$ cat structure04.txt   # compact mmCIF, C-alpha atoms
# COMPACT_ATOMS: atom_id res chain seq x y z
CA MET A 1229 -58.62 98.40 56.29
CA ALA A 1230 -60.23 100.28 59.14
CA ILE A 1231 -63.97 100.23 59.84
CA LYS A 1232 -64.29 103.78 58.50
CA ASP A 1233 -63.16 102.58 55.08
CA TYR A 1234 -66.26 100.41 54.78
CA ILE A 1235 -68.87 103.09 55.50
CA ARG A 1236 -70.26 106.13 53.72
CA GLU A 1237 -69.20 108.66 56.33
CA ARG A 1238 -71.15 111.44 54.68
CA PHE A 1239 -74.43 109.88 55.88
CA PHE A 1240 -73.38 109.74 59.55
CA PRO A 1241 -74.58 110.18 62.25
CA HIS A 1242 -77.13 107.56 61.13
CA MET A 1243 -80.92 107.86 61.46
CA TRP A 1244 -81.39 105.12 64.06
CA CYS A 1245 -82.56 106.10 67.54
CA PRO A 1246 -80.10 106.34 70.45
CA GLY A 1247 -79.22 102.81 71.60
CA CYS A 1248 -80.83 101.09 68.59
CA GLY A 1249 -79.63 97.52 68.20
CA HIS A 1250 -79.36 97.88 64.44
CA GLY A 1251 -76.30 100.09 64.92
CA VAL A 1252 -74.69 97.29 66.91
CA VAL A 1253 -75.47 94.84 64.09
CA LEU A 1254 -73.87 97.24 61.58
CA ASN A 1255 -70.82 97.44 63.83
CA ALA A 1256 -70.54 93.64 64.09
CA MET A 1257 -71.06 93.19 60.37
CA LEU A 1258 -68.26 95.63 59.54
CA ARG A 1259 -65.92 93.82 61.97
CA ALA A 1260 -66.77 90.49 60.32
CA ILE A 1261 -66.04 91.84 56.86
CA GLU A 1262 -62.84 93.50 58.07
CA ASN A 1263 -61.66 90.24 59.67
CA LEU A 1264 -62.35 88.34 56.44
CA GLY A 1265 -60.40 90.98 54.50
CA LEU A 1266 -63.03 91.10 51.77
CA ASN A 1267 -62.74 93.62 48.98
CA LYS A 1268 -65.54 96.20 49.04
CA ASN A 1269 -66.18 95.62 45.36
CA ASP A 1270 -66.86 91.92 45.91
CA ILE A 1271 -69.76 92.51 48.30
CA VAL A 1272 -73.36 93.29 47.40
CA MET A 1273 -75.72 94.27 50.19
CA VAL A 1274 -79.41 94.04 49.32
CA SER A 1275 -82.07 95.25 51.73
CA GLY A 1276 -85.83 95.81 51.75
CA ILE A 1277 -87.83 98.32 53.77
CA GLY A 1278 -87.80 99.25 57.43
CA CYS A 1279 -85.44 100.69 60.02
CA SER A 1280 -83.13 97.69 59.63
CA SER A 1281 -83.02 97.97 55.86
CA ARG A 1282 -81.57 101.47 56.04
CA ILE A 1283 -78.30 99.70 56.84
CA SER A 1284 -77.49 99.33 53.13
CA GLY A 1285 -77.27 103.11 52.77
CA TYR A 1286 -74.48 103.34 55.29
CA VAL A 1287 -72.05 100.78 53.89
CA ASP A 1288 -69.69 101.42 51.02
CA PHE A 1289 -70.29 98.17 49.09
CA HIS A 1290 -72.49 97.65 46.07
CA THR A 1291 -75.89 98.28 47.62
CA LEU A 1292 -79.51 97.86 46.61
CA HIS A 1293 -82.32 99.29 48.72
CA THR A 1294 -85.33 97.48 47.29
CA VAL A 1295 -89.03 96.90 48.04
CA HIS A 1296 -90.59 95.61 51.24
CA GLY A 1297 -89.94 91.91 51.84
CA ARG A 1298 -88.38 91.34 48.43
CA ALA A 1299 -84.69 91.79 49.28
CA LEU A 1300 -84.01 88.06 48.88
CA ALA A 1301 -85.70 88.03 45.47
CA PHE A 1302 -83.52 90.90 44.23
CA ALA A 1303 -80.47 89.26 45.78
CA THR A 1304 -81.27 86.01 43.96
CA GLY A 1305 -81.24 87.93 40.69
CA VAL A 1306 -77.88 89.52 41.46
CA LYS A 1307 -76.37 86.23 42.56
CA MET A 1308 -77.58 84.37 39.46
CA SER A 1309 -75.98 86.92 37.15
CA ARG A 1310 -72.77 87.46 39.17
CA PRO A 1311 -72.22 84.29 41.26
CA GLU A 1312 -68.67 85.32 42.21
CA LEU A 1313 -69.95 88.15 44.45
CA HIS A 1314 -70.75 87.84 48.17
CA LEU A 1315 -74.42 88.60 48.81
CA ILE A 1316 -75.41 89.92 52.23
CA VAL A 1317 -79.11 90.49 52.84
CA PRO A 1318 -79.97 92.25 56.11
CA MET A 1319 -83.67 92.29 56.91
CA GLY A 1320 -85.91 93.21 59.80
CA ASP A 1321 -88.10 90.58 61.39
CA GLY A 1322 -91.25 91.85 59.68
CA ASP A 1323 -89.50 92.40 56.35
CA ALA A 1324 -88.04 88.88 56.39
CA LEU A 1325 -90.88 86.84 57.84
CA ALA A 1326 -94.17 88.68 57.30
CA ILE A 1327 -93.98 90.64 54.06
CA GLY A 1328 -91.12 88.51 52.74
CA GLY A 1329 -92.02 85.22 54.39
CA ASN A 1330 -92.40 83.33 51.14
CA HIS A 1331 -89.19 84.67 49.64
CA PHE A 1332 -87.42 83.65 52.83
CA ILE A 1333 -88.54 80.02 52.86
CA HIS A 1334 -87.97 79.51 49.15
CA ALA A 1335 -84.52 81.11 49.12
CA ALA A 1336 -83.67 78.72 51.98
CA ARG A 1337 -85.14 75.75 50.12
CA ARG A 1338 -83.09 76.53 46.99
CA ASN A 1339 -79.88 76.82 48.99
CA ILE A 1340 -78.65 79.78 46.97
CA ASP A 1341 -75.33 81.09 48.28
CA MET A 1342 -76.12 84.24 50.27
CA THR A 1343 -76.21 85.43 53.85
CA ALA A 1344 -79.59 86.45 55.25
CA VAL A 1345 -79.24 88.47 58.44
CA VAL A 1346 -82.48 88.84 60.39
CA MET A 1347 -82.22 91.84 62.70
CA ASN A 1348 -84.96 90.77 65.06
CA ASN A 1349 -86.29 93.56 67.27
CA ARG A 1350 -89.79 92.02 67.36
CA ILE A 1351 -91.61 95.15 66.20
CA TYR A 1352 -92.16 97.46 63.22
CA GLY A 1353 -90.19 100.46 64.42
CA MET A 1354 -90.28 102.73 61.38
CA THR A 1355 -94.07 102.87 61.09
CA GLY A 1356 -94.75 103.41 64.78
CA GLY A 1357 -94.48 100.18 66.76
CA GLN A 1358 -96.98 97.72 65.28
CA TYR A 1359 -96.60 94.08 66.37
CA SER A 1360 -94.74 91.75 63.99
CA PRO A 1361 -94.82 87.95 63.57
CA LEU A 1362 -91.86 87.83 65.96
CA SER A 1363 -93.48 89.87 68.76
CA GLY A 1364 -95.00 86.81 70.35
CA TYR A 1365 -97.91 86.15 72.68
CA GLY A 1366 -98.75 88.71 75.34
CA ILE A 1367 -96.55 91.48 73.96
CA SER A 1368 -97.84 95.06 73.86
CA ALA A 1369 -97.61 97.14 70.70
CA THR A 1370 -99.43 100.17 69.29
CA THR A 1371 -101.69 97.77 67.36
CA ALA A 1372 -102.06 95.44 70.37
CA PRO A 1373 -102.83 97.78 73.28
CA TYR A 1374 -104.48 94.94 75.26
CA GLY A 1375 -101.74 92.41 74.47
CA ASN A 1376 -100.89 90.42 71.35
CA ILE A 1377 -102.76 87.12 70.92
CA ASP A 1378 -100.57 85.88 68.00
CA GLN A 1379 -97.88 83.32 68.71
CA GLY A 1380 -94.43 84.25 67.40
CA PHE A 1381 -92.24 82.47 64.86
CA ASP A 1382 -88.99 80.80 65.87
CA ILE A 1383 -86.61 81.98 63.13
CA VAL A 1384 -84.11 79.19 63.74
CA GLU A 1385 -86.73 76.41 63.55
CA LEU A 1386 -88.33 78.01 60.49
CA ALA A 1387 -85.00 78.35 58.65
CA LYS A 1388 -84.06 74.77 59.56
CA ALA A 1389 -87.37 73.41 58.30
CA ALA A 1390 -87.17 75.45 55.10
CA GLY A 1391 -83.78 73.89 54.32
CA ALA A 1392 -81.19 76.58 55.09
CA THR A 1393 -77.75 74.95 55.26
CA PHE A 1394 -76.35 77.34 57.87
CA VAL A 1395 -78.49 78.61 60.74
CA ALA A 1396 -77.23 80.61 63.70
CA ARG A 1397 -78.53 82.94 66.38
CA THR A 1398 -77.01 85.52 68.68
CA THR A 1399 -77.86 88.90 70.22
CA THR A 1400 -76.56 92.45 70.14
CA TYR A 1401 -75.19 91.97 73.66
CA HIS A 1402 -72.89 89.21 72.34
CA VAL A 1403 -71.11 91.36 69.77
CA GLN A 1404 -68.03 89.23 69.43
CA GLN A 1405 -70.14 86.15 68.77
CA ALA A 1406 -72.20 88.17 66.29
CA ALA A 1407 -69.09 89.07 64.29
CA GLU A 1408 -67.81 85.47 64.39
CA LEU A 1409 -71.15 84.00 63.27
CA LEU A 1410 -71.44 86.52 60.45
CA GLN A 1411 -67.94 85.62 59.31
CA GLU A 1412 -68.81 81.92 59.21
CA ALA A 1413 -72.11 82.63 57.49
CA ILE A 1414 -70.44 84.71 54.76
CA LEU A 1415 -67.88 81.96 54.14
CA HIS A 1416 -70.55 79.22 54.07
CA LYS A 1417 -71.35 78.00 50.55
CA GLY A 1418 -75.14 77.94 50.53
CA PHE A 1419 -78.05 79.79 52.10
CA SER A 1420 -77.12 80.99 55.57
CA VAL A 1421 -79.42 82.59 58.12
CA VAL A 1422 -78.12 84.54 61.10
CA GLU A 1423 -80.72 85.82 63.54
CA ILE A 1424 -79.44 88.68 65.66
CA MET A 1425 -81.82 89.55 68.48
CA SER A 1426 -81.81 93.34 68.58
CA GLN A 1427 -83.36 96.02 70.76
CA CYS A 1428 -85.87 98.71 69.85
CA PRO A 1429 -85.88 100.87 72.99
CA THR A 1430 -88.15 103.45 71.35
CA TYR A 1431 -91.13 101.17 70.73
CA PHE A 1432 -90.65 97.63 72.00
CA GLY A 1433 -88.81 98.68 75.14
CA ARG A 1434 -91.22 101.45 76.01
CA LYS A 1435 -94.42 99.51 75.25
CA ASN A 1436 -93.28 96.48 77.21
CA LYS A 1437 -91.61 98.27 80.12
CA GLU A 1438 -88.25 96.71 79.36
CA GLY A 1439 -86.39 99.97 79.99
CA GLY A 1440 -83.85 101.61 77.70
CA ALA A 1441 -81.19 100.14 75.42
CA VAL A 1442 -78.87 99.20 78.29
CA GLU A 1443 -81.57 97.31 80.20
CA MET A 1444 -82.74 95.57 77.04
CA MET A 1445 -79.20 94.41 76.26
CA LYS A 1446 -78.73 93.14 79.81
CA ARG A 1447 -81.99 91.25 79.43
CA MET A 1448 -80.70 89.58 76.26
CA LYS A 1449 -77.74 88.35 78.24
CA ASP A 1450 -80.09 86.92 80.89
CA ILE A 1451 -82.59 85.20 78.60
CA THR A 1452 -80.07 83.45 76.32
CA THR A 1453 -77.53 80.67 76.77
CA PRO A 1454 -75.02 78.86 74.52
CA ILE A 1455 -76.36 75.77 72.70
CA GLY A 1456 -76.36 72.67 74.87
CA SER A 1457 -75.44 74.47 78.08
CA LYS A 1458 -76.25 73.12 81.54
CA ALA A 1459 -78.31 76.26 82.20
CA LYS A 1460 -80.74 75.25 79.43
CA GLU A 1461 -81.51 71.98 81.22
CA ALA A 1462 -82.32 73.83 84.42
CA GLN A 1463 -84.24 76.64 82.69
CA PRO A 1464 -85.79 75.34 79.45
CA GLU A 1465 -87.25 78.77 78.62
CA LEU A 1466 -83.77 80.17 77.86
CA ILE A 1467 -83.14 80.96 74.18
CA GLU A 1468 -80.10 79.21 72.72
CA ARG A 1469 -77.28 81.02 70.89
CA GLY A 1470 -74.75 79.57 68.47
CA ILE A 1471 -74.69 77.55 65.24
CA PHE A 1472 -77.70 75.23 64.91
CA VAL A 1473 -77.16 73.88 61.40
CA ARG A 1474 -74.08 73.65 59.19
CA LYS A 1475 -74.30 71.17 56.34
CA ASP A 1476 -73.25 70.81 52.72
CA LEU A 1477 -75.90 70.51 50.04
CA PRO A 1478 -75.65 71.35 46.32
CA GLU A 1479 -75.64 75.12 45.88
CA TYR A 1480 -78.16 76.65 43.48
CA CYS A 1481 -75.81 78.65 41.19
CA SER A 1482 -73.38 75.75 40.72
CA GLU A 1483 -76.29 73.43 39.96
CA TYR A 1484 -77.63 75.97 37.48
CA ASN A 1485 -74.23 76.05 35.74
CA LYS A 1486 -74.41 72.29 35.36
CA ILE A 1487 -77.79 72.66 33.65
CA ILE A 1488 -76.27 75.19 31.24
CA GLU A 1489 -73.45 72.77 30.44
CA ARG A 1490 -75.88 69.90 29.89
CA ALA A 1491 -78.05 72.02 27.60
CA GLN A 1492 -75.05 73.22 25.60
CA LYS A 1493 -73.80 69.65 25.15
CA GLN A 1494 -77.17 68.60 23.83
CA GLY A 1495 -77.26 71.61 21.51
CA ARG A 1496 -73.96 70.59 19.92
CA ARG A 1497 -75.21 67.12 19.01
CA MET B 837 -46.61 90.66 73.22
CA GLY B 838 -47.21 92.43 76.51
CA LYS B 839 -50.44 93.97 77.68
CA PRO B 840 -51.78 96.43 75.14
CA LYS B 841 -51.28 100.00 76.27
CA LEU B 842 -53.87 102.66 75.61
CA LYS B 843 -52.90 105.63 73.55
CA GLU B 844 -56.24 107.36 73.28
CA HIS B 845 -60.03 106.99 73.19
CA ILE B 846 -61.19 108.70 70.02
CA ILE B 847 -64.85 109.59 70.56
CA ASN B 848 -66.74 111.23 67.75
CA ARG B 849 -69.02 113.67 69.58
CA ASP B 850 -71.03 114.40 66.45
CA TRP B 851 -71.97 110.74 66.07
CA CYS B 852 -72.46 109.83 69.76
CA LYS B 853 -76.15 109.86 70.77
CA GLY B 854 -75.55 109.29 74.48
CA CYS B 855 -77.29 105.90 74.74
CA GLY B 856 -74.90 104.90 77.54
CA ILE B 857 -74.21 101.36 76.26
CA CYS B 858 -70.43 101.93 76.37
CA VAL B 859 -70.63 103.41 79.87
CA GLU B 860 -72.68 100.53 81.28
CA PHE B 861 -70.77 97.63 79.73
CA CYS B 862 -67.21 98.86 80.24
CA PRO B 863 -65.71 96.27 82.63
CA LYS B 864 -63.48 98.92 84.23
CA LYS B 865 -65.99 101.80 84.28
CA VAL B 866 -63.65 104.00 82.27
CA LEU B 867 -66.33 105.88 80.36
CA ALA B 868 -69.00 108.33 81.50
CA LEU B 869 -71.57 110.64 79.94
CA ASP B 870 -70.78 114.33 80.29
CA ASP B 871 -73.25 117.19 80.85
CA ARG B 872 -74.10 117.19 77.12
CA GLU B 873 -74.91 113.45 77.24
CA LYS B 874 -71.88 112.46 75.17
CA ALA B 875 -69.47 109.67 76.06
CA VAL B 876 -66.09 110.72 77.46
CA ALA B 877 -63.17 108.73 78.83
CA ALA B 878 -63.38 109.82 82.47
CA ARG B 879 -60.74 107.37 83.80
CA PRO B 880 -58.53 106.47 80.82
CA GLU B 881 -55.78 105.20 83.15
CA ASP B 882 -58.01 102.22 84.08
CA CYS B 883 -58.62 101.17 80.44
CA ILE B 884 -57.51 97.61 79.63
CA CYS B 885 -58.06 98.03 75.87
CA CYS B 886 -60.68 95.27 75.61
CA ARG B 887 -62.44 97.35 72.93
CA LEU B 888 -65.91 96.28 74.10
CA CYS B 889 -67.06 99.91 73.93
CA GLU B 890 -65.81 100.17 70.35
CA LEU B 891 -67.54 96.89 69.38
CA ARG B 892 -70.88 97.65 71.06
CA CYS B 893 -71.24 101.30 70.07
CA PRO B 894 -74.35 101.50 67.85
CA ASP B 895 -73.13 104.80 66.43
CA LEU B 896 -69.59 103.71 65.47
CA ALA B 897 -68.48 106.70 67.51
CA ILE B 898 -65.66 105.12 69.57
CA GLU B 899 -62.21 104.03 68.49
CA ILE B 900 -59.49 102.76 70.82
CA LEU B 901 -55.97 103.67 69.79
CA ILE B 902 -53.29 101.37 71.18
CA GLU B 903 -49.58 102.23 71.47
CA GLU B 904 -47.48 100.21 69.04

$ encode --input "structure04.txt" --output "structure tokens"
Amino acid sequence: MAIKDYIRERFFPHMWCPGCGHGVVLNAMLRAIENLGLNKNDIVMVSGIGCSSRISGYVDFHTLHTVHGRALAFATGVKMSRPELHLIVPMGDGDALAIGGNHFIHAARRNIDMTAVVMNNRIYGMTGGQYSPLSGYGISATTAPYGNIDQGFDIVELAKAAGATFVARTTTYHVQQAAELLQEAILHKGFSVVEIMSQCPTYFGRKNKEGGAVEMMKRMKDITTPIGSKAKEAQPELIERGIFVRKDLPEYCSEYNKIIERAQKQGRR
Amino acid sequence: MGKPKLKEHIINRDWCKGCGICVEFCPKKVLALDDREKAVAARPEDCICCRLCELRCPDLAIEILIEE
């Protein structure tokens, strides 16, 4: 199938700003799904609120556009009732880790089989450029005109610590890697987290003098490096890209089925 | 399997927002923005069909057609 077969063309052109990284994430996600040859009817995309979460409106899968921060909770409900479906949960950085921070860590801890995609542009774009828990120290935002004094989260470290069994990171500059990582994450049996560093030229770029979309994407190339590269040893401040965790642990829905079996056995006695 | 040969750049002008990502990251500088700030294939003869423009376009506005 072609890319166009996976989208709701009637809603295009989309509402994202020119050069928005979320469009690149959508592009990579569609390539990943096309490469896997998944049937549209076997995919459920669940999103919350924010610029990033508008992504679910543009794809022609089963889609749920839910409440702020609670996409993973809704997705858990869908997965528990229909475990044969592929759950993809795209979230913004604020949606995933501020408003939905608790849902995020507990979904990871349970190891329920779904793919959480954090589209990290380090700002709340839809509401006018407020700082998010991913903005980081010293960043300017409309709510931090003199500089942000909050430290930022590291999504990879957080997901690792919370127990996610697949954790990866890439950027919108590295589109081919983004599609590959999403493919692996979708195939992984368990809770997978893919952080895609994305650009918001309208707010983050303008407030922090990082230029437009092109300059921001070039910057993402310059500030990242593959995991374990020589460059990281020389410049420890570089952000690593690639797969950080991939391990097998009992998956929540299969464990739940075992509980049902056990209970039914006991009931028959 | 020889080198892929370009048939056509299909650029959806209604979807293109003129961000310039495709223009900047094309390794052969095939694309350009026209006077209406829309992407056009200015030098299609130089295209090596790497599809990086198609993959990076945030607006899903570019498609590379390759001769069979």

$ interface_residues --input "structure04.txt" --of "chain B" --to "chain A" --cutoff "10 Å" --atoms "only C-alpha atoms" --output "count of residues only"
24

$ atom_distance --input "structure04.txt" --atom1 "CA of Glu873 (chain B)" --atom2 "CA of Ile1235 (chain A)"
24.8 Å

$ atom_distance --input "structure04.txt" --atom1 "CA of Ala1396 (chain A)" --atom2 "CA of Gln1411 (chain A)"
11.4 Å

$ closest_residue --input "structure04.txt" --among "A:Ala1326, A:Ile1261, A:Ile1351, A:Met1273" --to "His1296 (chain A)" --atoms "all atoms listed in the file"
A:Ala1326

$ closest_residue --input "structure04.txt" --among "B:Glu881, B:Cys886, B:Asp871, B:Lys864" --to "Lys839 (chain B)" --atoms "all atoms listed in the file"
B:Cys886

$ closest_residue --input "structure04.txt" --among "B:Ile847, B:Leu842, B:Ile900, B:Cys883" --to "Lys865 (chain B)" --atoms "all atoms listed in the file"
B:Cys883

$ residues_around --input "structure04.txt" --residues "Ser1280 (chain A)" --least-positions-apart "4" --cutoff "7 Å" --atoms "only C-alpha atoms" --output "PDB file with C-alpha atoms, in the coordinates of the input"
ATOM      1  CA  HIS A1250     -79.360  97.880  64.440  1.00  0.00           C
ATOM      2  CA  MET A1319     -83.670  92.290  56.910  1.00  0.00           C
ATOM      3  CA  GLY A1320     -85.910  93.210  59.800  1.00  0.00           C
ATOM      4  CA  MET A1347     -82.220  91.840  62.700  1.00  0.00           C
TER       5      MET A1347
END

$ atom_distance --input "structure04.txt" --atom1 "CA of Glu1423 (chain A)" --atom2 "CA of Gly1276 (chain A)"
16.3 Å

$ residues_around --input "structure04.txt" --residues "Ile902 (chain B)" --least-positions-apart "6" --cutoff "8 Å" --atoms "only C-alpha atoms" --output "list in words"
Pro840, Lys841, Leu842, Lys843, Glu844 and Cys885 of chain B

$ axis_aligned_box --input "structure04.txt" --around "region 864-878 of chain B" --padding-each-side "4 Å" --output "AutoDock Vina command-line options"
--center_x -69.0 --center_y 108.1 --center_z 79.7 --size_x 19.7 --size_y 26.3 --size_z 17.1

$ decode --input "structure04.txt" --residues "chain B" --atoms "C-alpha atoms" --output "PDB file, in the first residue's frame"
ATOM      1  CA  MET B 837      19.140  -3.794 -10.492  1.00  0.00           C
ATOM      2  CA  GLY B 838      20.755  -0.721 -11.980  1.00  0.00           C
ATOM      3  CA  LYS B 839      20.580   2.794 -10.630  1.00  0.00           C
ATOM      4  CA  PRO B 840      16.991   3.879 -10.112  1.00  0.00           C
ATOM      5  CA  LYS B 841      15.896   6.333 -12.772  1.00  0.00           C
ATOM      6  CA  LEU B 842      13.635   9.236 -11.955  1.00  0.00           C
ATOM      7  CA  LYS B 843      10.311   9.458 -13.678  1.00  0.00           C
ATOM      8  CA  GLU B 844       8.845  12.443 -11.899  1.00  0.00           C
ATOM      9  CA  HIS B 845       8.701  14.495  -8.690  1.00  0.00           C
ATOM     10  CA  ILE B 846       5.054  14.695  -7.723  1.00  0.00           C
ATOM     11  CA  ILE B 847       4.704  17.755  -5.491  1.00  0.00           C
ATOM     12  CA  ASN B 848       1.333  18.546  -4.014  1.00  0.00           C
ATOM     13  CA  ARG B 849       1.248  22.348  -4.093  1.00  0.00           C
ATOM     14  CA  ASP B 850      -1.873  22.496  -1.949  1.00  0.00           C
ATOM     15  CA  TRP B 851      -0.141  20.625   0.872  1.00  0.00           C
ATOM     16  CA  CYS B 852       3.348  22.178   0.611  1.00  0.00           C
ATOM     17  CA  LYS B 853       3.876  24.963   3.185  1.00  0.00           C
ATOM     18  CA  GLY B 854       7.269  26.064   1.883  1.00  0.00           C
ATOM     19  CA  CYS B 855       9.303  25.169   4.987  1.00  0.00           C
ATOM     20  CA  GLY B 856      12.341  24.473   2.788  1.00  0.00           C
ATOM     21  CA  ILE B 857      13.387  21.231   4.530  1.00  0.00           C
ATOM     22  CA  CYS B 858      13.427  19.316   1.223  1.00  0.00           C
ATOM     23  CA  VAL B 859      15.410  22.077  -0.492  1.00  0.00           C
ATOM     24  CA  GLU B 860      18.070  22.254   2.233  1.00  0.00           C
ATOM     25  CA  PHE B 861      18.611  18.532   2.768  1.00  0.00           C
ATOM     26  CA  CYS B 862      18.592  17.356  -0.854  1.00  0.00           C
ATOM     27  CA  PRO B 863      22.139  16.013  -1.378  1.00  0.00           C
ATOM     28  CA  LYS B 864      22.081  17.075  -5.037  1.00  0.00           C
ATOM     29  CA  LYS B 865      20.275  20.413  -4.628  1.00  0.00           C
ATOM     30  CA  VAL B 866      17.545  19.347  -7.034  1.00  0.00           C
ATOM     31  CA  LEU B 867      14.712  21.212  -5.343  1.00  0.00           C
ATOM     32  CA  ALA B 868      14.026  24.915  -4.905  1.00  0.00           C
ATOM     33  CA  LEU B 869      11.232  27.158  -3.648  1.00  0.00           C
ATOM     34  CA  ASP B 870       9.449  29.118  -6.358  1.00  0.00           C
ATOM     35  CA  ASP B 871       8.074  32.675  -6.116  1.00  0.00           C
ATOM     36  CA  ARG B 872       4.975  31.354  -4.311  1.00  0.00           C
ATOM     37  CA  GLU B 873       7.169  29.606  -1.697  1.00  0.00           C
ATOM     38  CA  LYS B 874       6.281  26.115  -2.920  1.00  0.00           C
ATOM     39  CA  ALA B 875       8.795  23.355  -3.582  1.00  0.00           C
ATOM     40  CA  VAL B 876       9.582  22.621  -7.234  1.00  0.00           C
ATOM     41  CA  ALA B 877      12.060  20.271  -8.883  1.00  0.00           C
ATOM     42  CA  ALA B 878      14.376  22.870 -10.423  1.00  0.00           C
ATOM     43  CA  ARG B 879      17.073  20.394 -11.589  1.00  0.00           C
ATOM     44  CA  PRO B 880      15.327  17.017 -11.937  1.00  0.00           C
ATOM     45  CA  GLU B 881      18.160  15.692 -14.133  1.00  0.00           C
ATOM     46  CA  ASP B 882      20.464  15.681 -11.062  1.00  0.00           C
ATOM     47  CA  CYS B 883      18.069  13.609  -8.907  1.00  0.00           C
ATOM     48  CA  ILE B 884      19.544  10.337  -7.618  1.00  0.00           C
ATOM     49  CA  CYS B 885      16.192   9.080  -6.257  1.00  0.00           C
ATOM     50  CA  CYS B 886      17.375   8.849  -2.640  1.00  0.00           C
ATOM     51  CA  ARG B 887      13.864   9.895  -1.547  1.00  0.00           C
ATOM     52  CA  LEU B 888      15.177  11.941   1.391  1.00  0.00           C
ATOM     53  CA  CYS B 889      12.856  14.801   0.405  1.00  0.00           C
ATOM     54  CA  GLU B 890       9.890  12.435   0.385  1.00  0.00           C
ATOM     55  CA  LEU B 891      10.857  10.991   3.794  1.00  0.00           C
ATOM     56  CA  ARG B 892      11.538  14.331   5.505  1.00  0.00           C
ATOM     57  CA  CYS B 893       8.607  16.319   4.128  1.00  0.00           C
ATOM     58  CA  PRO B 894       6.445  17.255   7.151  1.00  0.00           C
ATOM     59  CA  ASP B 895       3.487  17.850   4.862  1.00  0.00           C
ATOM     60  CA  LEU B 896       3.592  14.524   2.954  1.00  0.00           C
ATOM     61  CA  ALA B 897       3.619  16.694  -0.150  1.00  0.00           C
ATOM     62  CA  ILE B 898       6.414  15.005  -2.152  1.00  0.00           C
ATOM     63  CA  GLU B 899       6.417  11.690  -3.948  1.00  0.00           C
ATOM     64  CA  ILE B 900       9.249  10.385  -6.121  1.00  0.00           C
ATOM     65  CA  LEU B 901       8.151   8.280  -9.055  1.00  0.00           C
ATOM     66  CA  ILE B 902      10.806   5.901 -10.358  1.00  0.00           C
ATOM     67  CA  GLU B 903      10.833   4.300 -13.821  1.00  0.00           C
ATOM     68  CA  GLU B 904      10.178   0.565 -13.649  1.00  0.00           C
TER      69      GLU B 904
END
